[in-house]
file work.pdb (PDB, N, CA and C atoms, pLDDT in the B column)
ATOM      1  N   MET E  12       0.855  -1.172   0.000  1.00 85.00           N
ATOM      2  CA  MET E  12       0.000   0.000   0.000  1.00 85.00           C
ATOM      3  C   MET E  12       0.894   1.226   0.000  1.00 85.00           C
ATOM      4  N   LYS E  13       0.557   2.156  -0.869  1.00 88.00           N
ATOM      5  CA  LYS E  13       1.334   3.384  -0.976  1.00 88.00           C
ATOM      6  C   LYS E  13       0.690   4.467  -0.117  1.00 88.00           C
ATOM      7  N   PHE E  14       1.450   4.953   0.859  1.00 90.00           N
ATOM      8  CA  PHE E  14       0.984   6.032   1.719  1.00 90.00           C
ATOM      9  C   PHE E  14       1.589   7.347   1.240  1.00 90.00           C
ATOM     10  N   PRO E  15       0.901   8.468   1.462  1.00 90.00           N
ATOM     11  CA  PRO E  15       1.492   9.757   1.097  1.00 90.00           C
ATOM     12  C   PRO E  15       2.746  10.014   1.929  1.00 90.00           C
ATOM     13  N   SER E  16       3.746  10.587   1.301  1.00 93.00           N
ATOM     14  CA  SER E  16       5.000  10.909   1.980  1.00 93.00           C
ATOM     15  C   SER E  16       5.691  12.025   1.206  1.00 93.00           C
ATOM     16  N   LYS E  17       6.934  12.278   1.541  1.00 93.00           N
ATOM     17  CA  LYS E  17       7.710  13.275   0.803  1.00 93.00           C
ATOM     18  C   LYS E  17       7.903  12.843  -0.645  1.00 93.00           C
ATOM     19  N   VAL E  18       7.991  11.561  -0.860  1.00 94.00           N
ATOM     20  CA  VAL E  18       8.247  11.021  -2.194  1.00 94.00           C
ATOM     21  C   VAL E  18       6.948  10.754  -2.960  1.00 94.00           C
ATOM     22  N   THR E  19       5.921  10.284  -2.264  1.00 91.00           N
ATOM     23  CA  THR E  19       4.645   9.923  -2.883  1.00 91.00           C
ATOM     24  C   THR E  19       3.593  10.972  -2.535  1.00 91.00           C
ATOM     25  N   SER E  20       3.037  11.605  -3.556  1.00 93.00           N
ATOM     26  CA  SER E  20       1.991  12.603  -3.306  1.00 93.00           C
ATOM     27  C   SER E  20       0.687  11.903  -2.927  1.00 93.00           C
ATOM     28  N   TYR E  21      -0.248  12.679  -2.395  1.00 91.00           N
ATOM     29  CA  TYR E  21      -1.540  12.103  -2.013  1.00 91.00           C
ATOM     30  C   TYR E  21      -2.225  11.481  -3.226  1.00 91.00           C
ATOM     31  N   LYS E  22      -2.169  12.148  -4.372  1.00 92.00           N
ATOM     32  CA  LYS E  22      -2.825  11.646  -5.583  1.00 92.00           C
ATOM     33  C   LYS E  22      -2.248  10.314  -6.051  1.00 92.00           C
ATOM     34  N   GLU E  23      -0.984  10.076  -5.777  1.00 90.00           N
ATOM     35  CA  GLU E  23      -0.333   8.824  -6.166  1.00 90.00           C
ATOM     36  C   GLU E  23      -0.480   7.739  -5.110  1.00 90.00           C
ATOM     37  N   SER E  24      -1.007   8.087  -3.942  1.00 90.00           N
ATOM     38  CA  SER E  24      -1.124   7.126  -2.847  1.00 90.00           C
ATOM     39  C   SER E  24      -2.394   6.290  -2.985  1.00 90.00           C
ATOM     40  N   SER E  25      -2.435   5.205  -2.256  1.00 92.00           N
ATOM     41  CA  SER E  25      -3.616   4.340  -2.251  1.00 92.00           C
ATOM     42  C   SER E  25      -4.800   5.015  -1.567  1.00 92.00           C
ATOM     43  N   LEU E  26      -4.538   5.917  -0.654  1.00 94.00           N
ATOM     44  CA  LEU E  26      -5.623   6.611   0.056  1.00 94.00           C
ATOM     45  C   LEU E  26      -6.500   7.411  -0.900  1.00 94.00           C
ATOM     46  N   ALA E  27      -5.932   7.917  -1.963  1.00 94.00           N
ATOM     47  CA  ALA E  27      -6.698   8.700  -2.931  1.00 94.00           C
ATOM     48  C   ALA E  27      -7.711   7.844  -3.679  1.00 94.00           C
ATOM     49  N   LEU E  28      -7.536   6.529  -3.648  1.00 95.00           N
ATOM     50  CA  LEU E  28      -8.456   5.628  -4.344  1.00 95.00           C
ATOM     51  C   LEU E  28      -9.642   5.200  -3.485  1.00 95.00           C
ATOM     52  N   PHE E  29      -9.598   5.476  -2.197  1.00 96.00           N
ATOM     53  CA  PHE E  29     -10.729   5.122  -1.332  1.00 96.00           C
ATOM     54  C   PHE E  29     -12.034   5.732  -1.853  1.00 96.00           C
ATOM     55  N   PRO E  30     -12.080   7.048  -2.115  1.00 96.00           N
ATOM     56  CA  PRO E  30     -13.337   7.632  -2.600  1.00 96.00           C
ATOM     57  C   PRO E  30     -13.772   7.079  -3.952  1.00 96.00           C
ATOM     58  N   VAL E  31     -12.824   6.718  -4.793  1.00 95.00           N
ATOM     59  CA  VAL E  31     -13.155   6.152  -6.103  1.00 95.00           C
ATOM     60  C   VAL E  31     -13.912   4.839  -5.936  1.00 95.00           C
ATOM     61  N   ILE E  32     -13.374   3.965  -5.094  1.00 96.00           N
ATOM     62  CA  ILE E  32     -14.009   2.671  -4.837  1.00 96.00           C
ATOM     63  C   ILE E  32     -15.385   2.881  -4.198  1.00 96.00           C
ATOM     64  N   LEU E  33     -15.448   3.758  -3.215  1.00 97.00           N
ATOM     65  CA  LEU E  33     -16.715   3.983  -2.512  1.00 97.00           C
ATOM     66  C   LEU E  33     -17.775   4.594  -3.424  1.00 97.00           C
ATOM     67  N   LYS E  34     -17.364   5.430  -4.366  1.00 96.00           N
ATOM     68  CA  LYS E  34     -18.317   6.042  -5.289  1.00 96.00           C
ATOM     69  C   LYS E  34     -19.025   4.978  -6.132  1.00 96.00           C
ATOM     70  N   TYR E  35     -18.274   3.986  -6.593  1.00 96.00           N
ATOM     71  CA  TYR E  35     -18.884   2.899  -7.355  1.00 96.00           C
ATOM     72  C   TYR E  35     -19.854   2.090  -6.495  1.00 96.00           C
ATOM     73  N   LEU E  36     -19.466   1.830  -5.246  1.00 97.00           N
ATOM     74  CA  LEU E  36     -20.305   0.999  -4.378  1.00 97.00           C
ATOM     75  C   LEU E  36     -21.511   1.751  -3.833  1.00 97.00           C
ATOM     76  N   GLU E  37     -21.447   3.083  -3.785  1.00 97.00           N
ATOM     77  CA  GLU E  37     -22.619   3.858  -3.376  1.00 97.00           C
ATOM     78  C   GLU E  37     -23.744   3.712  -4.397  1.00 97.00           C
ATOM     79  N   LYS E  38     -23.369   3.632  -5.657  1.00 96.00           N
ATOM     80  CA  LYS E  38     -24.354   3.533  -6.733  1.00 96.00           C
ATOM     81  C   LYS E  38     -24.954   2.135  -6.858  1.00 96.00           C
ATOM     82  N   LYS E  39     -24.099   1.112  -6.675  1.00 96.00           N
ATOM     83  CA  LYS E  39     -24.554  -0.251  -6.927  1.00 96.00           C
ATOM     84  C   LYS E  39     -23.675  -1.247  -6.174  1.00 96.00           C
ATOM     85  N   ASP E  40     -24.283  -2.242  -5.553  1.00 97.00           N
ATOM     86  CA  ASP E  40     -23.527  -3.333  -4.941  1.00 97.00           C
ATOM     87  C   ASP E  40     -22.897  -4.168  -6.045  1.00 97.00           C
ATOM     88  N   MET E  41     -21.666  -4.603  -5.828  1.00 97.00           N
ATOM     89  CA  MET E  41     -20.938  -5.365  -6.847  1.00 97.00           C
ATOM     90  C   MET E  41     -20.128  -6.469  -6.203  1.00 97.00           C
ATOM     91  N   THR E  42     -19.795  -7.459  -7.009  1.00 97.00           N
ATOM     92  CA  THR E  42     -18.848  -8.472  -6.561  1.00 97.00           C
ATOM     93  C   THR E  42     -17.456  -7.844  -6.647  1.00 97.00           C
ATOM     94  N   PRO E  43     -16.501  -8.385  -5.913  1.00 97.00           N
ATOM     95  CA  PRO E  43     -15.139  -7.846  -6.010  1.00 97.00           C
ATOM     96  C   PRO E  43     -14.587  -7.867  -7.437  1.00 97.00           C
ATOM     97  N   SER E  44     -14.885  -8.889  -8.201  1.00 97.00           N
ATOM     98  CA  SER E  44     -14.366  -8.954  -9.572  1.00 97.00           C
ATOM     99  C   SER E  44     -14.998  -7.884 -10.466  1.00 97.00           C
ATOM    100  N   GLU E  45     -16.285  -7.618 -10.299  1.00 97.00           N
ATOM    101  CA  GLU E  45     -16.926  -6.541 -11.062  1.00 97.00           C
ATOM    102  C   GLU E  45     -16.310  -5.195 -10.728  1.00 97.00           C
ATOM    103  N   LEU E  46     -16.096  -4.960  -9.451  1.00 97.00           N
ATOM    104  CA  LEU E  46     -15.514  -3.701  -9.003  1.00 97.00           C
ATOM    105  C   LEU E  46     -14.097  -3.549  -9.519  1.00 97.00           C
ATOM    106  N   TYR E  47     -13.329  -4.621  -9.491  1.00 97.00           N
ATOM    107  CA  TYR E  47     -11.954  -4.556  -9.985  1.00 97.00           C
ATOM    108  C   TYR E  47     -11.926  -4.241 -11.483  1.00 97.00           C
ATOM    109  N   LYS E  48     -12.819  -4.837 -12.246  1.00 96.00           N
ATOM    110  CA  LYS E  48     -12.871  -4.575 -13.687  1.00 96.00           C
ATOM    111  C   LYS E  48     -13.153  -3.107 -13.979  1.00 96.00           C
ATOM    112  N   LYS E  49     -13.983  -2.478 -13.146  1.00 95.00           N
ATOM    113  CA  LYS E  49     -14.326  -1.068 -13.353  1.00 95.00           C
ATOM    114  C   LYS E  49     -13.206  -0.124 -12.911  1.00 95.00           C
ATOM    115  N   THR E  50     -12.374  -0.549 -11.957  1.00 94.00           N
ATOM    116  CA  THR E  50     -11.385   0.358 -11.375  1.00 94.00           C
ATOM    117  C   THR E  50      -9.934  -0.018 -11.654  1.00 94.00           C
ATOM    118  N   ARG E  51      -9.675  -1.089 -12.364  1.00 91.00           N
ATOM    119  CA  ARG E  51      -8.300  -1.585 -12.505  1.00 91.00           C
ATOM    120  C   ARG E  51      -7.353  -0.613 -13.186  1.00 91.00           C
ATOM    121  N   GLY E  52      -7.842   0.273 -14.033  1.00 93.00           N
ATOM    122  CA  GLY E  52      -6.972   1.246 -14.681  1.00 93.00           C
ATOM    123  C   GLY E  52      -6.475   2.335 -13.746  1.00 93.00           C
ATOM    124  N   LYS E  53      -7.096   2.462 -12.600  1.00 92.00           N
ATOM    125  CA  LYS E  53      -6.754   3.518 -11.651  1.00 92.00           C
ATOM    126  C   LYS E  53      -5.708   3.095 -10.621  1.00 92.00           C
ATOM    127  N   MET E  54      -5.410   1.798 -10.543  1.00 90.00           N
ATOM    128  CA  MET E  54      -4.471   1.310  -9.531  1.00 90.00           C
ATOM    129  C   MET E  54      -3.385   0.456 -10.163  1.00 90.00           C
ATOM    130  N   SER E  55      -2.373   0.147  -9.381  1.00 90.00           N
ATOM    131  CA  SER E  55      -1.202  -0.558  -9.920  1.00 90.00           C
ATOM    132  C   SER E  55      -1.434  -2.049 -10.135  1.00 90.00           C
ATOM    133  N   GLY E  56      -2.443  -2.619  -9.513  1.00 93.00           N
ATOM    134  CA  GLY E  56      -2.696  -4.040  -9.708  1.00 93.00           C
ATOM    135  C   GLY E  56      -3.653  -4.603  -8.678  1.00 93.00           C
ATOM    136  N   ILE E  57      -3.820  -5.913  -8.740  1.00 95.00           N
ATOM    137  CA  ILE E  57      -4.766  -6.600  -7.862  1.00 95.00           C
ATOM    138  C   ILE E  57      -4.354  -6.500  -6.395  1.00 95.00           C
ATOM    139  N   GLN E  58      -3.060  -6.496  -6.128  1.00 95.00           N
ATOM    140  CA  GLN E  58      -2.597  -6.414  -4.740  1.00 95.00           C
ATOM    141  C   GLN E  58      -3.022  -5.096  -4.102  1.00 95.00           C
ATOM    142  N   GLU E  59      -2.851  -3.991  -4.817  1.00 95.00           N
ATOM    143  CA  GLU E  59      -3.264  -2.702  -4.274  1.00 95.00           C
ATOM    144  C   GLU E  59      -4.780  -2.661  -4.093  1.00 95.00           C
ATOM    145  N   PHE E  60      -5.520  -3.233  -5.040  1.00 96.00           N
ATOM    146  CA  PHE E  60      -6.975  -3.296  -4.938  1.00 96.00           C
ATOM    147  C   PHE E  60      -7.404  -4.034  -3.678  1.00 96.00           C
ATOM    148  N   LEU E  61      -6.806  -5.180  -3.429  1.00 95.00           N
ATOM    149  CA  LEU E  61      -7.153  -5.961  -2.236  1.00 95.00           C
ATOM    150  C   LEU E  61      -6.772  -5.240  -0.952  1.00 95.00           C
ATOM    151  N   GLU E  62      -5.639  -4.543  -0.946  1.00 95.00           N
ATOM    152  CA  GLU E  62      -5.244  -3.773   0.233  1.00 95.00           C
ATOM    153  C   GLU E  62      -6.235  -2.653   0.513  1.00 95.00           C
ATOM    154  N   ILE E  63      -6.720  -2.012  -0.539  1.00 96.00           N
ATOM    155  CA  ILE E  63      -7.717  -0.951  -0.371  1.00 96.00           C
ATOM    156  C   ILE E  63      -9.019  -1.528   0.186  1.00 96.00           C
ATOM    157  N   LEU E  64      -9.455  -2.665  -0.346  1.00 97.00           N
ATOM    158  CA  LEU E  64     -10.664  -3.305   0.177  1.00 97.00           C
ATOM    159  C   LEU E  64     -10.489  -3.698   1.641  1.00 97.00           C
ATOM    160  N   ASP E  65      -9.312  -4.213   2.001  1.00 96.00           N
ATOM    161  CA  ASP E  65      -9.036  -4.561   3.399  1.00 96.00           C
ATOM    162  C   ASP E  65      -9.171  -3.342   4.300  1.00 96.00           C
ATOM    163  N   CYS E  66      -8.612  -2.227   3.873  1.00 95.00           N
ATOM    164  CA  CYS E  66      -8.677  -1.003   4.680  1.00 95.00           C
ATOM    165  C   CYS E  66     -10.105  -0.488   4.803  1.00 95.00           C
ATOM    166  N   LEU E  67     -10.838  -0.484   3.696  1.00 97.00           N
ATOM    167  CA  LEU E  67     -12.226  -0.023   3.743  1.00 97.00           C
ATOM    168  C   LEU E  67     -13.081  -0.923   4.623  1.00 97.00           C
ATOM    169  N   TYR E  68     -12.810  -2.216   4.603  1.00 97.00           N
ATOM    170  CA  TYR E  68     -13.531  -3.145   5.477  1.00 97.00           C
ATOM    171  C   TYR E  68     -13.185  -2.875   6.942  1.00 97.00           C
ATOM    172  N   ALA E  69     -11.910  -2.662   7.227  1.00 96.00           N
ATOM    173  CA  ALA E  69     -11.482  -2.387   8.603  1.00 96.00           C
ATOM    174  C   ALA E  69     -12.068  -1.064   9.115  1.00 96.00           C
ATOM    175  N   LEU E  70     -12.296  -0.121   8.220  1.00 96.00           N
ATOM    176  CA  LEU E  70     -12.881   1.167   8.590  1.00 96.00           C
ATOM    177  C   LEU E  70     -14.415   1.121   8.612  1.00 96.00           C
ATOM    178  N   ASN E  71     -14.994  -0.060   8.393  1.00 97.00           N
ATOM    179  CA  ASN E  71     -16.453  -0.261   8.355  1.00 97.00           C
ATOM    180  C   ASN E  71     -17.137   0.592   7.292  1.00 97.00           C
ATOM    181  N   LYS E  72     -16.472   0.758   6.151  1.00 97.00           N
ATOM    182  CA  LYS E  72     -17.062   1.484   5.032  1.00 97.00           C
ATOM    183  C   LYS E  72     -17.708   0.538   4.028  1.00 97.00           C
ATOM    184  N   ILE E  73     -17.272  -0.736   4.027  1.00 98.00           N
ATOM    185  CA  ILE E  73     -17.860  -1.733   3.139  1.00 98.00           C
ATOM    186  C   ILE E  73     -18.086  -3.024   3.909  1.00 98.00           C
ATOM    187  N   GLU E  74     -19.008  -3.832   3.397  1.00 97.00           N
ATOM    188  CA  GLU E  74     -19.272  -5.166   3.943  1.00 97.00           C
ATOM    189  C   GLU E  74     -19.285  -6.153   2.795  1.00 97.00           C
ATOM    190  N   LEU E  75     -18.990  -7.395   3.102  1.00 96.00           N
ATOM    191  CA  LEU E  75     -19.055  -8.473   2.123  1.00 96.00           C
ATOM    192  C   LEU E  75     -20.090  -9.477   2.602  1.00 96.00           C
ATOM    193  N   GLU E  76     -21.180  -9.609   1.839  1.00 96.00           N
ATOM    194  CA  GLU E  76     -22.241 -10.563   2.179  1.00 96.00           C
ATOM    195  C   GLU E  76     -22.555 -11.403   0.951  1.00 96.00           C
ATOM    196  N   GLY E  77     -22.402 -12.687   1.082  1.00 96.00           N
ATOM    197  CA  GLY E  77     -22.727 -13.584  -0.017  1.00 96.00           C
ATOM    198  C   GLY E  77     -21.915 -13.313  -1.269  1.00 96.00           C
ATOM    199  N   GLY E  78     -20.693 -12.872  -1.113  1.00 95.00           N
ATOM    200  CA  GLY E  78     -19.830 -12.603  -2.259  1.00 95.00           C
ATOM    201  C   GLY E  78     -20.070 -11.270  -2.935  1.00 95.00           C
ATOM    202  N   VAL E  79     -20.889 -10.403  -2.314  1.00 97.00           N
ATOM    203  CA  VAL E  79     -21.196  -9.102  -2.876  1.00 97.00           C
ATOM    204  C   VAL E  79     -20.756  -8.008  -1.906  1.00 97.00           C
ATOM    205  N   LEU E  80     -20.083  -6.989  -2.433  1.00 97.00           N
ATOM    206  CA  LEU E  80     -19.649  -5.860  -1.612  1.00 97.00           C
ATOM    207  C   LEU E  80     -20.772  -4.848  -1.490  1.00 97.00           C
ATOM    208  N   HIS E  81     -20.998  -4.353  -0.264  1.00 96.00           N
ATOM    209  CA  HIS E  81     -22.028  -3.354   0.016  1.00 96.00           C
ATOM    210  C   HIS E  81     -21.360  -2.127   0.636  1.00 96.00           C
ATOM    211  N   TYR E  82     -21.817  -0.953   0.230  1.00 97.00           N
ATOM    212  CA  TYR E  82     -21.371   0.282   0.865  1.00 97.00           C
ATOM    213  C   TYR E  82     -22.110   0.446   2.186  1.00 97.00           C
ATOM    214  N   VAL E  83     -21.371   0.820   3.231  1.00 95.00           N
ATOM    215  CA  VAL E  83     -21.969   1.079   4.543  1.00 95.00           C
ATOM    216  C   VAL E  83     -21.871   2.572   4.788  1.00 95.00           C
ATOM    217  N   GLY E  84     -23.005   3.251   4.824  1.00 79.00           N
ATOM    218  CA  GLY E  84     -23.038   4.706   4.965  1.00 79.00           C
ATOM    219  C   GLY E  84     -22.603   5.161   6.266  1.00 79.00           C
TER     220      GLY E  84
END
call {"tool": "encode", "arguments": {"input": "work.pdb", "output": "structure tokens"}}
result
Amino acid sequence: MKFPSKVTSYKESSLALFPVILKYLEKKDMTPSELYKKTRGKMSGIQEFLEILDCLYALNKIELEGGVLHYVG
């Protein structure tokens, strides 16, 4: 996971992708693979995508039920 620092700007960090992921899930519940297909051009790869999902889950912003991701307001 890329954190903002002297070398990495906020826009280049993984934190900047949190709102992008949440914006998609606010509109529609999706499976992780559907969400990855829609957002894969914005991140460096599947590992960064999974790290972002882990963080959003730990922050109680998303839930996984029956293989589908839900936005938690």
call {"tool": "resolve_selection", "arguments": {"input": "work.pdb", "expression": "the PyMOL selection byres ((chain E and resi 78) around 7)", "output": "PyMOL selection string"}}
result
chain E and resi 41-43+75-77+79-80
call {"tool": "select_by_dssp", "arguments": {"input": "work.pdb", "residues": "range 12-76 of chain E", "states": "alpha helix (DSSP H)", "output": "number ranges by chain"}}
result
E: 29-38, 43-50, 57-69
call {"tool": "residues_around", "arguments": {"input": "work.pdb", "residues": "Lys13 in chain E", "least_positions_apart": "6", "cutoff": "10 Å", "atoms": "only C-alpha atoms", "output": "PDB file with N, CA and C atoms, in the coordinates of the input"}}
result
ATOM      1  N   THR E  19       5.921  10.284  -2.264  1.00 91.00           N
ATOM      2  CA  THR E  19       4.645   9.923  -2.883  1.00 91.00           C
ATOM      3  C   THR E  19       3.593  10.972  -2.535  1.00 91.00           C
ATOM      4  N   SER E  20       3.037  11.605  -3.556  1.00 93.00           N
ATOM      5  CA  SER E  20       1.991  12.603  -3.306  1.00 93.00           C
ATOM      6  C   SER E  20       0.687  11.903  -2.927  1.00 93.00           C
ATOM      7  N   TYR E  21      -0.248  12.679  -2.395  1.00 91.00           N
ATOM      8  CA  TYR E  21      -1.540  12.103  -2.013  1.00 91.00           C
ATOM      9  C   TYR E  21      -2.225  11.481  -3.226  1.00 91.00           C
ATOM     10  N   GLU E  23      -0.984  10.076  -5.777  1.00 90.00           N
ATOM     11  CA  GLU E  23      -0.333   8.824  -6.166  1.00 90.00           C
ATOM     12  C   GLU E  23      -0.480   7.739  -5.110  1.00 90.00           C
ATOM     13  N   SER E  24      -1.007   8.087  -3.942  1.00 90.00           N
ATOM     14  CA  SER E  24      -1.124   7.126  -2.847  1.00 90.00           C
ATOM     15  C   SER E  24      -2.394   6.290  -2.985  1.00 90.00           C
ATOM     16  N   SER E  25      -2.435   5.205  -2.256  1.00 92.00           N
ATOM     17  CA  SER E  25      -3.616   4.340  -2.251  1.00 92.00           C
ATOM     18  C   SER E  25      -4.800   5.015  -1.567  1.00 92.00           C
ATOM     19  N   LEU E  26      -4.538   5.917  -0.654  1.00 94.00           N
ATOM     20  CA  LEU E  26      -5.623   6.611   0.056  1.00 94.00           C
ATOM     21  C   LEU E  26      -6.500   7.411  -0.900  1.00 94.00           C
ATOM     22  N   ALA E  27      -5.932   7.917  -1.963  1.00 94.00           N
ATOM     23  CA  ALA E  27      -6.698   8.700  -2.931  1.00 94.00           C
ATOM     24  C   ALA E  27      -7.711   7.844  -3.679  1.00 94.00           C
ATOM     25  N   GLU E  59      -2.851  -3.991  -4.817  1.00 95.00           N
ATOM     26  CA  GLU E  59      -3.264  -2.702  -4.274  1.00 95.00           C
ATOM     27  C   GLU E  59      -4.780  -2.661  -4.093  1.00 95.00           C
ATOM     28  N   GLU E  62      -5.639  -4.543  -0.946  1.00 95.00           N
ATOM     29  CA  GLU E  62      -5.244  -3.773   0.233  1.00 95.00           C
ATOM     30  C   GLU E  62      -6.235  -2.653   0.513  1.00 95.00           C
TER      31      GLU E  62
END
call {"tool": "atom_distance", "arguments": {"input": "work.pdb", "atom1": "CA of Gly84 in chain E", "atom2": "atom N of Phe60 in chain E"}}
result
21.7 Å
call {"tool": "residues_around", "arguments": {"input": "work.pdb", "residues": "Lys34 in chain E", "least_positions_apart": "4", "cutoff": "12 Å", "atoms": "only C-alpha atoms", "output": "ChimeraX atom specification"}}
result
/E:28-30,38-41,46,49-50,72-73,81-84
call {"tool": "axis_aligned_box", "arguments": {"input": "work.pdb", "around": "range 46-62 of chain E", "padding_each_side": "3 Å", "output": "AutoDock Vina command-line options"}}
result
--center_x -8.6 --center_y -1.5 --center_z -7.1 --size_x 20.9 --size_y 16.1 --size_z 21.2
call {"tool": "atom_distance", "arguments": {"input": "work.pdb", "atom1": "atom C of Gly56 in chain E", "atom2": "CA of Ser44 in chain E"}}
result
11.6 Å
call {"tool": "atom_distance", "arguments": {"input": "work.pdb", "atom1": "atom C of Tyr68 in chain E", "atom2": "atom C of Ser16 in chain E"}}
result
24.7 Å
call {"tool": "select_by_dssp", "arguments": {"input": "work.pdb", "residues": "chain E", "states": "strand (DSSP E)", "output": "NGL selection string"}}
result
:E and (73-76 or 79-82)
